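Below is coords.pdb, holding PDB, C-alpha atoms, pLDDT in the B column.
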ATOM      1  CA  GLY A 569       8.659  29.490  -6.553  1.00 62.00           C
ATOM      2  CA  GLN A 570       7.432  25.996  -5.970  1.00 76.00           C
ATOM      3  CA  ASN A 571       4.133  24.604  -7.201  1.00 89.00           C
ATOM      4  CA  ILE A 572       3.019  20.985  -7.158  1.00 95.00           C
ATOM      5  CA  ASP A 573      -0.357  19.744  -8.376  1.00 96.00           C
ATOM      6  CA  GLN A 574      -1.988  16.357  -7.958  1.00 97.00           C
ATOM      7  CA  PRO A 575      -5.621  15.228  -7.948  1.00 97.00           C
ATOM      8  CA  THR A 576      -7.389  15.428  -4.610  1.00 96.00           C
ATOM      9  CA  GLU A 577      -9.151  12.068  -4.674  1.00 97.00           C
ATOM     10  CA  MET A 578      -9.308   8.909  -6.760  1.00 97.00           C
ATOM     11  CA  THR A 579     -11.248   5.675  -6.519  1.00 98.00           C
ATOM     12  CA  ALA A 580     -10.174   2.347  -8.005  1.00 97.00           C
ATOM     13  CA  THR A 581     -11.232  -1.272  -7.805  1.00 97.00           C
ATOM     14  CA  GLU A 582      -9.360  -4.022  -6.007  1.00 97.00           C
ATOM     15  CA  GLY A 583      -7.094  -5.886  -8.437  1.00 97.00           C
ATOM     16  CA  ALA A 584      -7.040  -3.038 -10.951  1.00 97.00           C
ATOM     17  CA  ILE A 585      -4.290  -0.587 -11.951  1.00 97.00           C
ATOM     18  CA  VAL A 586      -4.357   3.100 -11.015  1.00 98.00           C
ATOM     19  CA  GLN A 587      -2.133   5.989 -12.107  1.00 98.00           C
ATOM     20  CA  ILE A 588      -1.729   9.044  -9.880  1.00 98.00           C
ATOM     21  CA  ASN A 589      -0.367  12.074 -11.709  1.00 98.00           C
ATOM     22  CA  CYS A 590       1.735  14.925 -10.395  1.00 98.00           C
ATOM     23  CA  THR A 591       2.889  18.082 -12.144  1.00 97.00           C
ATOM     24  CA  TYR A 592       5.477  20.400 -10.664  1.00 96.00           C
ATOM     25  CA  GLN A 593       7.096  23.756 -11.263  1.00 94.00           C
ATOM     26  CA  THR A 594      10.184  23.943  -9.081  1.00 87.00           C
ATOM     27  CA  SER A 595      13.264  26.099  -9.426  1.00 87.00           C
ATOM     28  CA  GLY A 596      16.517  24.214  -8.929  1.00 87.00           C
ATOM     29  CA  PHE A 597      14.758  20.874  -9.277  1.00 89.00           C
ATOM     30  CA  ASN A 598      16.716  17.773  -8.229  1.00 89.00           C
ATOM     31  CA  GLY A 599      14.301  14.874  -8.106  1.00 91.00           C
ATOM     32  CA  LEU A 600      10.800  13.683  -7.292  1.00 94.00           C
ATOM     33  CA  PHE A 601       9.681  11.642  -4.282  1.00 95.00           C
ATOM     34  CA  TRP A 602       6.498   9.676  -3.717  1.00 97.00           C
ATOM     35  CA  TYR A 603       5.314   8.924  -0.186  1.00 97.00           C
ATOM     36  CA  GLN A 604       2.373   6.895   1.099  1.00 98.00           C
ATOM     37  CA  GLN A 605       0.397   8.081   4.115  1.00 97.00           C
ATOM     38  CA  HIS A 606      -2.324   6.049   5.779  1.00 96.00           C
ATOM     39  CA  ALA A 607      -4.914   8.032   7.710  1.00 92.00           C
ATOM     40  CA  GLY A 608      -3.542   9.276  11.028  1.00 88.00           C
ATOM     41  CA  GLU A 609      -0.068   7.919  10.356  1.00 93.00           C
ATOM     42  CA  ALA A 610       3.297   9.265   9.233  1.00 95.00           C
ATOM     43  CA  PRO A 611       4.266   9.373   5.546  1.00 96.00           C
ATOM     44  CA  THR A 612       6.502   6.533   4.399  1.00 96.00           C
ATOM     45  CA  PHE A 613       8.883   6.575   1.439  1.00 94.00           C
ATOM     46  CA  LEU A 614       7.869   4.818  -1.774  1.00 96.00           C
ATOM     47  CA  SER A 615      10.174   6.004  -4.538  1.00 94.00           C
ATOM     48  CA  TYR A 616      12.558   8.624  -5.860  1.00 93.00           C
ATOM     49  CA  ASN A 617      13.149   9.580  -9.493  1.00 94.00           C
ATOM     50  CA  VAL A 618      15.962  11.797 -10.673  1.00 92.00           C
ATOM     51  CA  LEU A 619      16.322  10.627 -14.278  1.00 93.00           C
ATOM     52  CA  ASP A 620      13.635  10.516 -16.924  1.00 96.00           C
ATOM     53  CA  GLY A 621      11.865   7.218 -17.244  1.00 96.00           C
ATOM     54  CA  LEU A 622      10.127   4.511 -15.305  1.00 96.00           C
ATOM     55  CA  GLU A 623      11.404   2.967 -12.060  1.00 94.00           C
ATOM     56  CA  GLU A 624       9.705  -0.260 -11.033  1.00 94.00           C
ATOM     57  CA  LYS A 625       9.514  -1.568  -7.495  1.00 90.00           C
ATOM     58  CA  GLY A 626       7.220  -4.541  -7.146  1.00 94.00           C
ATOM     59  CA  ARG A 627       3.583  -3.475  -7.551  1.00 96.00           C
ATOM     60  CA  PHE A 628       4.564   0.190  -7.519  1.00 96.00           C
ATOM     61  CA  SER A 629       6.261   2.088 -10.356  1.00 97.00           C
ATOM     62  CA  SER A 630       7.107   5.752 -10.701  1.00 98.00           C
ATOM     63  CA  PHE A 631       7.750   7.783 -13.835  1.00 98.00           C
ATOM     64  CA  LEU A 632       9.443  11.131 -14.360  1.00 97.00           C
ATOM     65  CA  SER A 633       9.668  13.536 -17.285  1.00 97.00           C
ATOM     66  CA  ARG A 634      11.913  16.437 -16.323  1.00 96.00           C
ATOM     67  CA  SER A 635      11.238  18.380 -19.525  1.00 95.00           C
ATOM     68  CA  LYS A 636       7.468  18.259 -18.924  1.00 96.00           C
ATOM     69  CA  GLY A 637       7.572  18.725 -15.142  1.00 96.00           C
ATOM     70  CA  TYR A 638       5.484  15.592 -14.807  1.00 97.00           C
ATOM     71  CA  SER A 639       5.512  12.420 -12.764  1.00 98.00           C
ATOM     72  CA  TYR A 640       3.144   9.596 -12.053  1.00 98.00           C
ATOM     73  CA  LEU A 641       2.860   6.751  -9.583  1.00 98.00           C
ATOM     74  CA  LEU A 642       1.467   3.503 -10.962  1.00 98.00           C
ATOM     75  CA  LEU A 643      -0.049   0.978  -8.585  1.00 97.00           C
ATOM     76  CA  LYS A 644      -0.794  -2.484  -9.969  1.00 97.00           C
ATOM     77  CA  GLU A 645      -2.895  -5.328  -8.567  1.00 97.00           C
ATOM     78  CA  LEU A 646      -4.527  -2.974  -6.134  1.00 98.00           C
ATOM     79  CA  GLN A 647      -5.201  -4.246  -2.627  1.00 97.00           C
ATOM     80  CA  MET A 648      -7.526  -2.836   0.005  1.00 97.00           C
ATOM     81  CA  LYS A 649      -4.503  -1.880   2.108  1.00 97.00           C
ATOM     82  CA  ASP A 650      -3.415   0.495  -0.676  1.00 98.00           C
ATOM     83  CA  SER A 651      -6.201   2.854   0.400  1.00 98.00           C
ATOM     84  CA  ALA A 652      -4.162   5.832   1.565  1.00 98.00           C
ATOM     85  CA  SER A 653      -2.992   9.277   0.539  1.00 97.00           C
ATOM     86  CA  TYR A 654      -0.114   9.478  -1.923  1.00 98.00           C
ATOM     87  CA  LEU A 655       2.129  12.503  -1.628  1.00 97.00           C
ATOM     88  CA  CYS A 656       4.234  13.840  -4.464  1.00 97.00           C
ATOM     89  CA  ALA A 657       7.264  15.864  -3.305  1.00 95.00           C
ATOM     90  CA  ALA A 658       9.950  17.726  -5.239  1.00 92.00           C
ATOM     91  CA  SER A 659      13.468  18.202  -3.916  1.00 88.00           C
ATOM     92  CA  SER A 660      15.447  21.232  -4.941  1.00 84.00           C
ATOM     93  CA  GLY A 661      18.302  23.492  -3.973  1.00 75.00           C
ATOM     94  CA  GLY A 662      20.894  21.007  -2.755  1.00 66.00           C
ATOM     95  CA  TYR A 663      18.382  18.391  -1.605  1.00 59.00           C
ATOM     96  CA  GLN A 664      17.387  19.955   1.694  1.00 67.00           C
ATOM     97  CA  LYS A 665      14.359  21.758   0.263  1.00 78.00           C
ATOM     98  CA  VAL A 666      11.507  19.283  -0.135  1.00 86.00           C
ATOM     99  CA  THR A 667       8.135  20.688  -1.194  1.00 89.00           C
ATOM    100  CA  PHE A 668       5.054  18.491  -0.947  1.00 93.00           C
ATOM    101  CA  GLY A 669       1.897  18.450  -3.003  1.00 94.00           C
ATOM    102  CA  THR A 670      -1.433  18.340  -1.181  1.00 95.00           C
ATOM    103  CA  GLY A 671      -1.700  14.579  -1.675  1.00 96.00           C
ATOM    104  CA  THR A 672      -4.083  12.287  -3.544  1.00 97.00           C
ATOM    105  CA  LYS A 673      -6.472  10.257  -1.406  1.00 97.00           C
ATOM    106  CA  LEU A 674      -6.951   6.870  -3.039  1.00 98.00           C
ATOM    107  CA  GLN A 675      -9.886   4.701  -2.093  1.00 98.00           C
ATOM    108  CA  VAL A 676      -9.761   1.063  -3.170  1.00 98.00           C
ATOM    109  CA  ILE A 677     -13.177  -0.556  -3.376  1.00 97.00           C
ATOM    110  CA  PRO A 678     -14.035  -4.266  -3.612  1.00 96.00           C
TER     111      PRO A 678
ATOM    112  CA  GLU B1247      15.260   0.269  15.921  1.00 83.00           C
ATOM    113  CA  ALA B1248      15.950   3.286  13.701  1.00 82.00           C
ATOM    114  CA  GLN B1249      13.294   5.860  14.365  1.00 94.00           C
ATOM    115  CA  VAL B1250      12.202   9.447  14.825  1.00 97.00           C
ATOM    116  CA  THR B1251      10.386   9.985  18.112  1.00 97.00           C
ATOM    117  CA  GLN B1252       8.038  12.874  18.743  1.00 97.00           C
ATOM    118  CA  ASN B1253       6.336  13.779  21.982  1.00 97.00           C
ATOM    119  CA  PRO B1254       3.608  14.267  22.868  1.00 97.00           C
ATOM    120  CA  ARG B1255       1.301  12.530  20.365  1.00 97.00           C
ATOM    121  CA  TYR B1256      -1.652  14.671  21.373  1.00 97.00           C
ATOM    122  CA  LEU B1257      -1.699  18.092  23.007  1.00 97.00           C
ATOM    123  CA  ILE B1258      -4.540  20.427  23.866  1.00 97.00           C
ATOM    124  CA  THR B1259      -3.578  23.858  25.134  1.00 96.00           C
ATOM    125  CA  VAL B1260      -4.868  27.400  25.446  1.00 96.00           C
ATOM    126  CA  THR B1261      -3.908  30.515  23.540  1.00 97.00           C
ATOM    127  CA  GLY B1262      -0.676  32.072  24.743  1.00 96.00           C
ATOM    128  CA  LYS B1263       0.635  29.204  26.845  1.00 96.00           C
ATOM    129  CA  LYS B1264       4.157  28.353  25.701  1.00 97.00           C
ATOM    130  CA  LEU B1265       4.748  24.776  24.628  1.00 97.00           C
ATOM    131  CA  THR B1266       7.501  22.584  23.242  1.00 98.00           C
ATOM    132  CA  VAL B1267       7.163  19.537  21.028  1.00 98.00           C
ATOM    133  CA  THR B1268      10.211  17.313  21.236  1.00 98.00           C
ATOM    134  CA  CYS B1269      11.792  15.384  18.374  1.00 98.00           C
ATOM    135  CA  SER B1270      14.653  12.935  18.600  1.00 98.00           C
ATOM    136  CA  GLN B1271      16.276  10.644  16.016  1.00 97.00           C
ATOM    137  CA  ASN B1272      18.707   7.793  16.590  1.00 96.00           C
ATOM    138  CA  MET B1273      20.053   7.466  13.045  1.00 94.00           C
ATOM    139  CA  ASN B1274      22.811  10.093  13.265  1.00 94.00           C
ATOM    140  CA  HIS B1275      21.122  12.094  10.521  1.00 93.00           C
ATOM    141  CA  GLU B1276      22.490  15.526   9.662  1.00 91.00           C
ATOM    142  CA  TYR B1277      19.203  16.960   8.440  1.00 91.00           C
ATOM    143  CA  MET B1278      16.045  17.488  10.479  1.00 94.00           C
ATOM    144  CA  SER B1279      12.862  19.324   9.654  1.00 94.00           C
ATOM    145  CA  TRP B1280       9.433  20.236  10.996  1.00 97.00           C
ATOM    146  CA  TYR B1281       6.248  20.137   8.924  1.00 96.00           C
ATOM    147  CA  ARG B1282       2.642  20.941   9.645  1.00 97.00           C
ATOM    148  CA  GLN B1283      -0.157  19.184   7.816  1.00 96.00           C
ATOM    149  CA  ASP B1284      -3.553  20.780   7.297  1.00 95.00           C
ATOM    150  CA  PRO B1285      -6.513  19.546   5.211  1.00 90.00           C
ATOM    151  CA  GLY B1286      -6.288  20.807   1.651  1.00 87.00           C
ATOM    152  CA  LEU B1287      -2.846  22.319   2.207  1.00 90.00           C
ATOM    153  CA  GLY B1288      -0.663  19.257   2.505  1.00 89.00           C
ATOM    154  CA  LEU B1289       2.655  19.163   4.331  1.00 94.00           C
ATOM    155  CA  ARG B1290       4.261  22.562   4.718  1.00 94.00           C
ATOM    156  CA  GLN B1291       7.779  23.036   6.010  1.00 93.00           C
ATOM    157  CA  ILE B1292       8.194  25.178   9.135  1.00 96.00           C
ATOM    158  CA  TYR B1293      11.923  25.054   9.864  1.00 95.00           C
ATOM    159  CA  TYR B1294      14.800  22.818   8.938  1.00 92.00           C
ATOM    160  CA  SER B1295      18.332  22.196  10.148  1.00 93.00           C
ATOM    161  CA  MET B1296      21.298  21.003   8.140  1.00 89.00           C
ATOM    162  CA  ASN B1297      23.465  20.367  11.196  1.00 90.00           C
ATOM    163  CA  VAL B1298      24.053  21.306  14.835  1.00 93.00           C
ATOM    164  CA  GLU B1299      23.558  25.052  15.407  1.00 92.00           C
ATOM    165  CA  VAL B1300      22.424  25.506  11.780  1.00 92.00           C
ATOM    166  CA  THR B1301      18.717  26.217  11.299  1.00 94.00           C
ATOM    167  CA  ASP B1302      16.738  27.929   8.572  1.00 92.00           C
ATOM    168  CA  LYS B1303      13.188  28.984   7.852  1.00 93.00           C
ATOM    169  CA  GLY B1304      10.881  26.894   5.737  1.00 90.00           C
ATOM    170  CA  ASP B1305       7.699  28.102   4.098  1.00 90.00           C
ATOM    171  CA  VAL B1306       5.612  28.849   7.221  1.00 96.00           C
ATOM    172  CA  PRO B1307       7.977  29.803  10.097  1.00 97.00           C
ATOM    173  CA  GLU B1308       5.885  32.564  11.693  1.00 97.00           C
ATOM    174  CA  GLY B1309       4.996  31.823  15.322  1.00 97.00           C
ATOM    175  CA  TYR B1310       7.525  29.013  15.704  1.00 98.00           C
ATOM    176  CA  LYS B1311      11.063  28.641  16.996  1.00 98.00           C
ATOM    177  CA  VAL B1312      13.504  25.747  16.830  1.00 98.00           C
ATOM    178  CA  SER B1313      16.910  24.889  18.192  1.00 96.00           C
ATOM    179  CA  ARG B1314      19.563  22.308  17.287  1.00 97.00           C
ATOM    180  CA  LYS B1315      21.998  22.062  20.169  1.00 97.00           C
ATOM    181  CA  GLU B1316      22.605  18.352  19.665  1.00 96.00           C
ATOM    182  CA  LYS B1317      22.546  16.314  16.480  1.00 96.00           C
ATOM    183  CA  ARG B1318      19.782  13.988  17.649  1.00 97.00           C
ATOM    184  CA  ASN B1319      17.290  16.570  18.982  1.00 98.00           C
ATOM    185  CA  PHE B1320      15.274  19.228  17.203  1.00 98.00           C
ATOM    186  CA  PRO B1321      12.508  20.670  19.419  1.00 98.00           C
ATOM    187  CA  LEU B1322       9.724  22.876  18.062  1.00 98.00           C
ATOM    188  CA  ILE B1323       8.767  25.770  20.322  1.00 98.00           C
ATOM    189  CA  LEU B1324       5.547  27.766  20.208  1.00 97.00           C
ATOM    190  CA  GLU B1325       6.140  30.798  22.417  1.00 95.00           C
ATOM    191  CA  SER B1326       2.548  32.050  22.282  1.00 97.00           C
ATOM    192  CA  PRO B1327       0.310  29.519  20.533  1.00 97.00           C
ATOM    193  CA  SER B1328      -2.766  30.730  18.665  1.00 97.00           C
ATOM    194  CA  PRO B1329      -5.774  28.797  17.321  1.00 97.00           C
ATOM    195  CA  ASN B1330      -4.437  28.982  13.749  1.00 97.00           C
ATOM    196  CA  GLN B1331      -1.563  26.767  14.880  1.00 98.00           C
ATOM    197  CA  THR B1332      -3.984  23.927  15.509  1.00 98.00           C
ATOM    198  CA  SER B1333      -2.599  21.268  13.198  1.00 97.00           C
ATOM    199  CA  LEU B1334      -0.885  17.918  12.809  1.00 97.00           C
ATOM    200  CA  TYR B1335       2.869  18.314  13.154  1.00 98.00           C
ATOM    201  CA  PHE B1336       5.548  15.984  11.828  1.00 98.00           C
ATOM    202  CA  CYS B1337       9.246  15.925  12.530  1.00 98.00           C
ATOM    203  CA  ALA B1338      11.473  14.297   9.921  1.00 96.00           C
ATOM    204  CA  SER B1339      15.143  13.494   9.471  1.00 95.00           C
ATOM    205  CA  SER B1340      17.386  12.437   6.617  1.00 91.00           C
ATOM    206  CA  PRO B1341      21.074  11.831   6.008  1.00 87.00           C
ATOM    207  CA  PHE B1342      20.702  13.828   2.786  1.00 73.00           C
ATOM    208  CA  ASP B1343      24.115  12.630   1.834  1.00 68.00           C
ATOM    209  CA  ARG B1344      22.741  11.841  -1.579  1.00 68.00           C
ATOM    210  CA  GLY B1345      19.786  13.022  -3.614  1.00 66.00           C
ATOM    211  CA  ASP B1346      17.654   9.936  -3.111  1.00 73.00           C
ATOM    212  CA  SER B1347      17.881   9.967   0.672  1.00 83.00           C
ATOM    213  CA  PRO B1348      14.275   9.914   1.851  1.00 89.00           C
ATOM    214  CA  LEU B1349      12.789  11.682   4.835  1.00 92.00           C
ATOM    215  CA  HIS B1350      12.051   9.543   7.900  1.00 95.00           C
ATOM    216  CA  PHE B1351       9.023  10.856   9.732  1.00 97.00           C
ATOM    217  CA  GLY B1352       7.989  10.717  13.352  1.00 97.00           C
ATOM    218  CA  ASN B1353       4.470   9.572  14.246  1.00 96.00           C
ATOM    219  CA  GLY B1354       3.094  13.079  14.475  1.00 97.00           C
ATOM    220  CA  THR B1355       1.781  15.427  17.150  1.00 98.00           C
ATOM    221  CA  ARG B1356      -1.814  16.547  16.956  1.00 97.00           C
ATOM    222  CA  LEU B1357      -2.003  19.999  18.524  1.00 98.00           C
ATOM    223  CA  THR B1358      -5.222  21.805  19.414  1.00 98.00           C
ATOM    224  CA  VAL B1359      -5.060  25.426  20.583  1.00 97.00           C
ATOM    225  CA  THR B1360      -8.271  26.793  22.071  1.00 96.00           C
TER     226      THR B1360
END

Would it be possible to restate this file's structure as structure tokens?
Amino acid sequence: GQNIDQPTEMTATEGAIVQINCTYQTSGFNGLFWYQQHAGEAPTFLSYNVLDGLEEKGRFSSFLSRSKGYSYLLLKELQMKDSASYLCAASSGGYQKVTFGTGTKLQVIP
Amino acid sequence: EAQVTQNPRYLITVTGKKLTVTCSQNMNHEYMSWYRQDPGLGLRQIYYSMNVEVTDKGDVPEGYKVSRKEKRNFPLILESPSPNQTSLYFCASSPFDRGDSPLHFGNGTRLTVT
């Protein structure tokens, strides 16, 4: 079966750093996606991790530990426009199976 | 511009009246999929297609049908809609030629069934 857990909501201050955690239990696991979704809009791709470790992409970084079934998304120098939902998604079974978590709604406050 | 186009964006209908939500992509992607998004439940996969004439059930296929007669199009059909199908629907495509190929989403269709 597939099970993905992430916090429902988080609040952080503009300019700060926030870490959004995701744990997964997925058979045939391939890799872990992070997507950003602003209210009323489509999800957009942020990152993909297949190997253990940290991948950095500008203000956003993503970490994966395959042995622990754990990932996190790190957002630095938070901006008001980063207020959005962040979706963790695990791919499995030859890539075509992508299972999403329920998303973490991040509110950035001044 | 590379994109996934869904229509309509908003749809209000009544129970039992058949409807189709269209989805088209211009990126020559092999893989297409339909998701529904509900508060507290996240994105759940309805059906997906690996190629023309190849479709398979996702996690919540009951009450839905799909077809893939052409590579670019992947319509979602609700033969007899019910109120529990009120939701936000997303179509997505991907080349899935490698593991890190992301999903490209359409702008969504907000469906209300009364």

Answer key for the ChimeraX specification (/B :<8) & /A, residues as a CSV table (one decimal) with C-alpha atoms, keeping the file's coordinate frame:
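Once everything was written out, this is selection31.csv:
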chain,number,residue,atom,x,y,z
A,598,ASN,CA,16.7,17.8,-8.2
A,599,GLY,CA,14.3,14.9,-8.1
A,601,PHE,CA,9.7,11.6,-4.3
A,609,GLU,CA,-0.1,7.9,10.4
A,610,ALA,CA,3.3,9.3,9.2
A,611,PRO,CA,4.3,9.4,5.5
A,612,THR,CA,6.5,6.5,4.4
A,613,PHE,CA,8.9,6.6,1.4
A,616,TYR,CA,12.6,8.6,-5.9
A,617,ASN,CA,13.1,9.6,-9.5
A,618,VAL,CA,16.0,11.8,-10.7
A,663,TYR,CA,18.4,18.4,-1.6
A,664,GLN,CA,17.4,20.0,1.7
A,667,THR,CA,8.1,20.7,-1.2
A,668,PHE,CA,5.1,18.5,-0.9
A,669,GLY,CA,1.9,18.4,-3.0
A,670,THR,CA,-1.4,18.3,-1.2
A,671,GLY,CA,-1.7,14.6,-1.7

Could you state which residues are captured by the PyMOL selection byres ((chain A and resi 575) around 8) in this file, as a PyMOL selection string? chain A and resi 573-574+576-578+588-590+671-672

Interatomic distance between CA of Tyr603 (chain A) and CA of Ser629 (chain A)? 12.3 Å

Distance criterion (only C-alpha atoms): nearest to Thr579 (chain A) out of A:Leu622, A:Ala657, A:Met648, A:Leu600: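 Once distances to Thr579 (chain A) are computed over only C-alpha atoms, the minimum belongs to A:Met648.
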
To one decimal place, how far is CA of Gly596 (chain A) from CA of Ser660 (chain A) in Å? 5.1 Å

Please expand the PyMOL selection byres ((chain B and resi 1319) around 8) into the concrete residues it hits in this file, giving the result as a ChimeraX atom specification. /B:1268-1271,1314-1318,1320-1321

Contacts of Glu624 (chain A) at 10 Å (all atoms listed in the file; same-chain gap of 5+ positions) as a PyMOL selection string: chain A and resi 615+629-631+641-642

Go ahead and fit an axis-aligned box to every listed atom of region 1322-1325 of chain B plus 3 Å each side, and pass me the centre and edge lengths in Å, one decimal, as AutoDock Vina command-line options.
--center_x 7.6 --center_y 26.8 --center_z 20.2 --size_x 10.2 --size_y 13.9 --size_z 10.4

Closest of B:Trp1280, B:Ile1258, B:Leu1324, B:Asn1274 to Asp1302 (chain B) - atom-to-atom distances counting only C-alpha atoms: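 So, comparing all the options, the nearest one is B:Trp1280.
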
Which one is closest to Ala607 (chain A): A:Val676, A:Leu619, A:Ala652, A:Val586? Count only C-alpha atoms.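 The answer is A:Ala652, which sits nearest to Ala607 (chain A).
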
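A straight line drawn from CA of Lys1263 (chain B) to CA of Glu1325 (chain B) is 7.2 Å long.
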
With only C-alpha atoms as the atoms that count, which of A:Gln570, A:Lys665, A:Cys656, A:Asp650 lies nearest to Gly583 (chain A)?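 Result for the nearest residue to Gly583 (chain A): A:Asp650.
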
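Among the candidate residues A:Asp620, A:Phe597, A:Leu655, A:Gln647, the one lying nearest to Ala580 (chain A) is A:Gln647, with distances computed using only C-alpha atoms.
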
Can you put all heavy atoms back into region 1317-1324 of chain B and show it as a JSON list (two decimals), in the frame of the given file?
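Writing the result to result-v1.json gives the following:
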[["chain", "number", "residue", "atom", "x", "y", "z"],
["B", 1317, "LYS", "N", 22.89, 16.87, 17.78],
["B", 1317, "LYS", "CA", 22.55, 16.31, 16.48],
["B", 1317, "LYS", "C", 21.23, 15.56, 16.52],
["B", 1317, "LYS", "O", 20.44, 15.59, 15.58],
["B", 1317, "LYS", "CB", 23.67, 15.38, 16.02],
["B", 1317, "LYS", "CG", 23.63, 15.06, 14.55],
["B", 1317, "LYS", "CD", 24.89, 14.29, 14.17],
["B", 1317, "LYS", "CE", 25.00, 14.14, 12.68],
["B", 1317, "LYS", "NZ", 26.24, 13.43, 12.29],
["B", 1318, "ARG", "N", 20.95, 14.87, 17.61],
["B", 1318, "ARG", "CA", 19.78, 13.99, 17.65],
["B", 1318, "ARG", "C", 18.46, 14.71, 17.94],
["B", 1318, "ARG", "O", 17.41, 14.19, 17.65],
["B", 1318, "ARG", "CB", 20.00, 12.88, 18.67],
["B", 1318, "ARG", "CG", 20.18, 13.34, 20.10],
["B", 1318, "ARG", "CD", 20.46, 12.17, 21.03],
["B", 1318, "ARG", "NE", 19.29, 11.31, 21.14],
["B", 1318, "ARG", "CZ", 19.32, 10.00, 20.91],
["B", 1318, "ARG", "NH1", 20.44, 9.40, 20.57],
["B", 1318, "ARG", "NH2", 18.23, 9.28, 21.04],
["B", 1319, "ASN", "N", 18.52, 15.90, 18.53],
["B", 1319, "ASN", "CA", 17.29, 16.57, 18.98],
["B", 1319, "ASN", "C", 16.97, 17.84, 18.21],
["B", 1319, "ASN", "O", 17.88, 18.64, 17.91],
["B", 1319, "ASN", "CB", 17.41, 16.92, 20.47],
["B", 1319, "ASN", "CG", 17.49, 15.68, 21.34],
["B", 1319, "ASN", "OD1", 16.86, 14.66, 21.06],
["B", 1319, "ASN", "ND2", 18.29, 15.75, 22.40],
["B", 1320, "PHE", "N", 15.70, 18.04, 17.96],
["B", 1320, "PHE", "CA", 15.27, 19.23, 17.20],
["B", 1320, "PHE", "C", 13.89, 19.64, 17.70],
["B", 1320, "PHE", "O", 12.87, 19.38, 17.07],
["B", 1320, "PHE", "CB", 15.25, 18.89, 15.71],
["B", 1320, "PHE", "CG", 15.08, 20.07, 14.79],
["B", 1320, "PHE", "CD1", 15.81, 21.23, 14.97],
["B", 1320, "PHE", "CD2", 14.21, 20.00, 13.71],
["B", 1320, "PHE", "CE1", 15.67, 22.31, 14.11],
["B", 1320, "PHE", "CE2", 14.05, 21.07, 12.85],
["B", 1320, "PHE", "CZ", 14.78, 22.22, 13.04],
["B", 1321, "PRO", "N", 13.81, 20.30, 18.87],
["B", 1321, "PRO", "CA", 12.51, 20.67, 19.42],
["B", 1321, "PRO", "C", 11.85, 21.82, 18.67],
["B", 1321, "PRO", "O", 12.53, 22.71, 18.15],
["B", 1321, "PRO", "CB", 12.86, 21.07, 20.86],
["B", 1321, "PRO", "CG", 14.29, 21.52, 20.78],
["B", 1321, "PRO", "CD", 14.94, 20.66, 19.73],
["B", 1322, "LEU", "N", 10.54, 21.80, 18.65],
["B", 1322, "LEU", "CA", 9.72, 22.88, 18.06],
["B", 1322, "LEU", "C", 9.06, 23.64, 19.20],
["B", 1322, "LEU", "O", 8.40, 23.03, 20.04],
["B", 1322, "LEU", "CB", 8.66, 22.29, 17.13],
["B", 1322, "LEU", "CG", 7.72, 23.29, 16.45],
["B", 1322, "LEU", "CD1", 8.48, 24.10, 15.41],
["B", 1322, "LEU", "CD2", 6.55, 22.55, 15.81],
["B", 1323, "ILE", "N", 9.25, 24.94, 19.22],
["B", 1323, "ILE", "CA", 8.77, 25.77, 20.32],
["B", 1323, "ILE", "C", 7.71, 26.74, 19.80],
["B", 1323, "ILE", "O", 7.94, 27.44, 18.80],
["B", 1323, "ILE", "CB", 9.93, 26.56, 20.95],
["B", 1323, "ILE", "CG1", 11.01, 25.58, 21.43],
["B", 1323, "ILE", "CG2", 9.43, 27.43, 22.11],
["B", 1323, "ILE", "CD1", 12.38, 26.18, 21.50],
["B", 1324, "LEU", "N", 6.56, 26.77, 20.49],
["B", 1324, "LEU", "CA", 5.55, 27.77, 20.21],
["B", 1324, "LEU", "C", 5.49, 28.68, 21.41],
["B", 1324, "LEU", "O", 5.00, 28.29, 22.47],
["B", 1324, "LEU", "CB", 4.19, 27.11, 19.96],
["B", 1324, "LEU", "CG", 3.98, 26.41, 18.60],
["B", 1324, "LEU", "CD1", 4.78, 25.11, 18.52],
["B", 1324, "LEU", "CD2", 2.50, 26.18, 18.35]]
